[in-house]
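See below for the structure under consideration.
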Amino acid sequence: MATVELRFSAQPEHVRTARLVAAAVARRAGVEEAVLDEVRLAVGEACSRAVGLHRSNGLTAPVRVVLTEEDKTFSIEVGDEVPGPAGGADAVSGLEAALDPDADTEDEMGLAVISGLVDDVEVTSGESGGTIRMSWPVSGSSDLP
């Protein structure tokens with residue numbers, strides 16, 4: 001299992017870098033070329049959401065992106081440090097979160113876009129922050145060193 005971890009300050013201009021890194025690592029992992037645009041867009045939405053949450057809550061902590069290559073899947077986790085509901089982690093599917101009437105409109109729209117782009121998405125939120133985990137199948141092992 002190969003892992004790449006990226007941390008960046010919560011500035012909108014760094015989202016593009018995260019998208020480029022995600023696409024490069026996804027390509028190397030064996031994600032089909034036709035899906036790479038979806039990877040870029042989904043990571044961009046997730047990172048933009050995390051940046052927005054950090055900025056609106058006055059957090060200076062970095063946004064973290066973890067890209068993991070496994071045998072048959074490639075996954076990306078985008079995490080923020082904005083505390084969610086008290087009392088432990090609350091996991092919901094991306095679509096359920098997007099349809100949550102209590103979610104703010106911008107957050108709701110971003111999650112809806114991600115849910116439309118990624119078949120396998122999970123949104124979790126807890127006292128230590130939130131994570132959007134997305135995964136895609138890989139076509140085979142990479143030929144790159």
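Scheme for the structure tokens: letters A, B, ... for chains in order shown; per-chain residue numbers from 1; ligand numbers from 1 in order shown.
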
| said: So that I can check the surroundings of Val21 (chain A), please list as a list of chain:residue names every protein, DNA and RNA residue that reaches within 9 Å of it, counting only C-alpha atoms and ignoring chain neighbours fewer than 5 positions away. | reply: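 Counting only the stated atoms, we get A:Leu6, A:Arg16, A:Ala26.
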
Output for the residues just chosen: all heavy atoms as a PDB file, in the first residue's frame:
ATOM      1  N   LEU A   6      -0.389  15.047   1.638  1.00  0.00           N
ATOM      2  CA  LEU A   6      -0.190  16.440   1.289  1.00  0.00           C
ATOM      3  C   LEU A   6      -0.895  17.287   2.343  1.00  0.00           C
ATOM      4  O   LEU A   6      -2.038  17.008   2.700  1.00  0.00           O
ATOM      5  CB  LEU A   6      -0.796  16.698  -0.102  1.00  0.00           C
ATOM      6  CG  LEU A   6      -0.896  18.112  -0.619  1.00  0.00           C
ATOM      7  CD1 LEU A   6       0.505  18.675  -0.872  1.00  0.00           C
ATOM      8  CD2 LEU A   6      -1.709  18.139  -1.904  1.00  0.00           C
ATOM      9  N   ARG A  16      -5.604  24.117  -6.369  1.00  0.00           N
ATOM     10  CA  ARG A  16      -5.147  23.680  -7.694  1.00  0.00           C
ATOM     11  C   ARG A  16      -3.976  22.712  -7.575  1.00  0.00           C
ATOM     12  O   ARG A  16      -3.911  21.711  -8.282  1.00  0.00           O
ATOM     13  CB  ARG A  16      -4.745  24.888  -8.549  1.00  0.00           C
ATOM     14  CG  ARG A  16      -4.313  24.487  -9.938  1.00  0.00           C
ATOM     15  CD  ARG A  16      -4.111  25.722 -10.824  1.00  0.00           C
ATOM     16  NE  ARG A  16      -3.886  25.310 -12.184  1.00  0.00           N
ATOM     17  CZ  ARG A  16      -2.700  25.296 -12.767  1.00  0.00           C
ATOM     18  NH1 ARG A  16      -1.632  25.674 -12.092  1.00  0.00           N
ATOM     19  NH2 ARG A  16      -2.571  24.921 -14.012  1.00  0.00           N
ATOM     20  N   ALA A  26      -3.106   9.434  -8.971  1.00  0.00           N
ATOM     21  CA  ALA A  26      -4.154   8.534  -9.476  1.00  0.00           C
ATOM     22  C   ALA A  26      -3.710   7.868 -10.781  1.00  0.00           C
ATOM     23  O   ALA A  26      -3.905   6.663 -10.979  1.00  0.00           O
ATOM     24  CB  ALA A  26      -5.451   9.299  -9.702  1.00  0.00           C
TER      25      ALA A  26
END

| said: Let's see if you can do this: from backbone DSSP, list all alpha helix (DSSP H) residues in region 28-88 of chain A, as an MDAnalysis selection string. | reply: chainID A and resid 28:29 36:56

| query | If you measure from CA of Val31 (chain A) to CA of Pro12 (chain A), what distance in Å do you get, rounded to one decimal? | reply |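 CA of Pro12 (chain A) lies 26.1 Å from CA of Val31 (chain A).
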
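Minimum distance to Val118 (chain A) across A:Val138, A:Arg64, A:Val39, A:Glu45 (counting only C-alpha atoms) occurs at A:Val39.
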
| request: Would you mind telling me which residue in A:Leu111, A:Val66, A:Ala50, A:Met134 lies nearest to Ser9 (chain A) when using only C-alpha atoms? | output: A:Ala50

| query | If we count only C-alpha atoms, what is near Arg55 (chain A) at a cut-off of 9 Å, once residues fewer than 5 positions away on the same chain are taken out, given as a ChimeraX atom specification? | reply | /A:10-11,50,60

| Nearest to Gly129 (chain A): which of A:Asn57, A:Ser115, A:Ser75, A:Thr68 is it, counting only C-alpha atoms? |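 Looking only at the distances to Gly129 (chain A), the closest residue turns out to be A:Asn57.
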
| Straight-line distance linking CA of Ala23 (chain A) with CA of Thr124 (chain A), stated in Å to one decimal |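 Those two atoms sit 23.3 Å apart.
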
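Reported to one decimal place, the separation of CA of Leu53 (chain A) from CA of Asp37 (chain A) is 24.2 Å.
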
| message | Here is a test: counting only C-alpha atoms, which residue of A:Glu122, A:Glu81, A:Glu32, A:Glu38 is nearest to Arg19 (chain A)? | response |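 Closest to Arg19 (chain A), using only C-alpha atoms: A:Glu38.
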
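Near Ser128 (chain A), within a cut-off of 8 Å and counting only C-alpha atoms, sit the residues Glu81, Val82, Pro83 and Gly84 of chain A, with same-chain residues fewer than 5 positions away left out.
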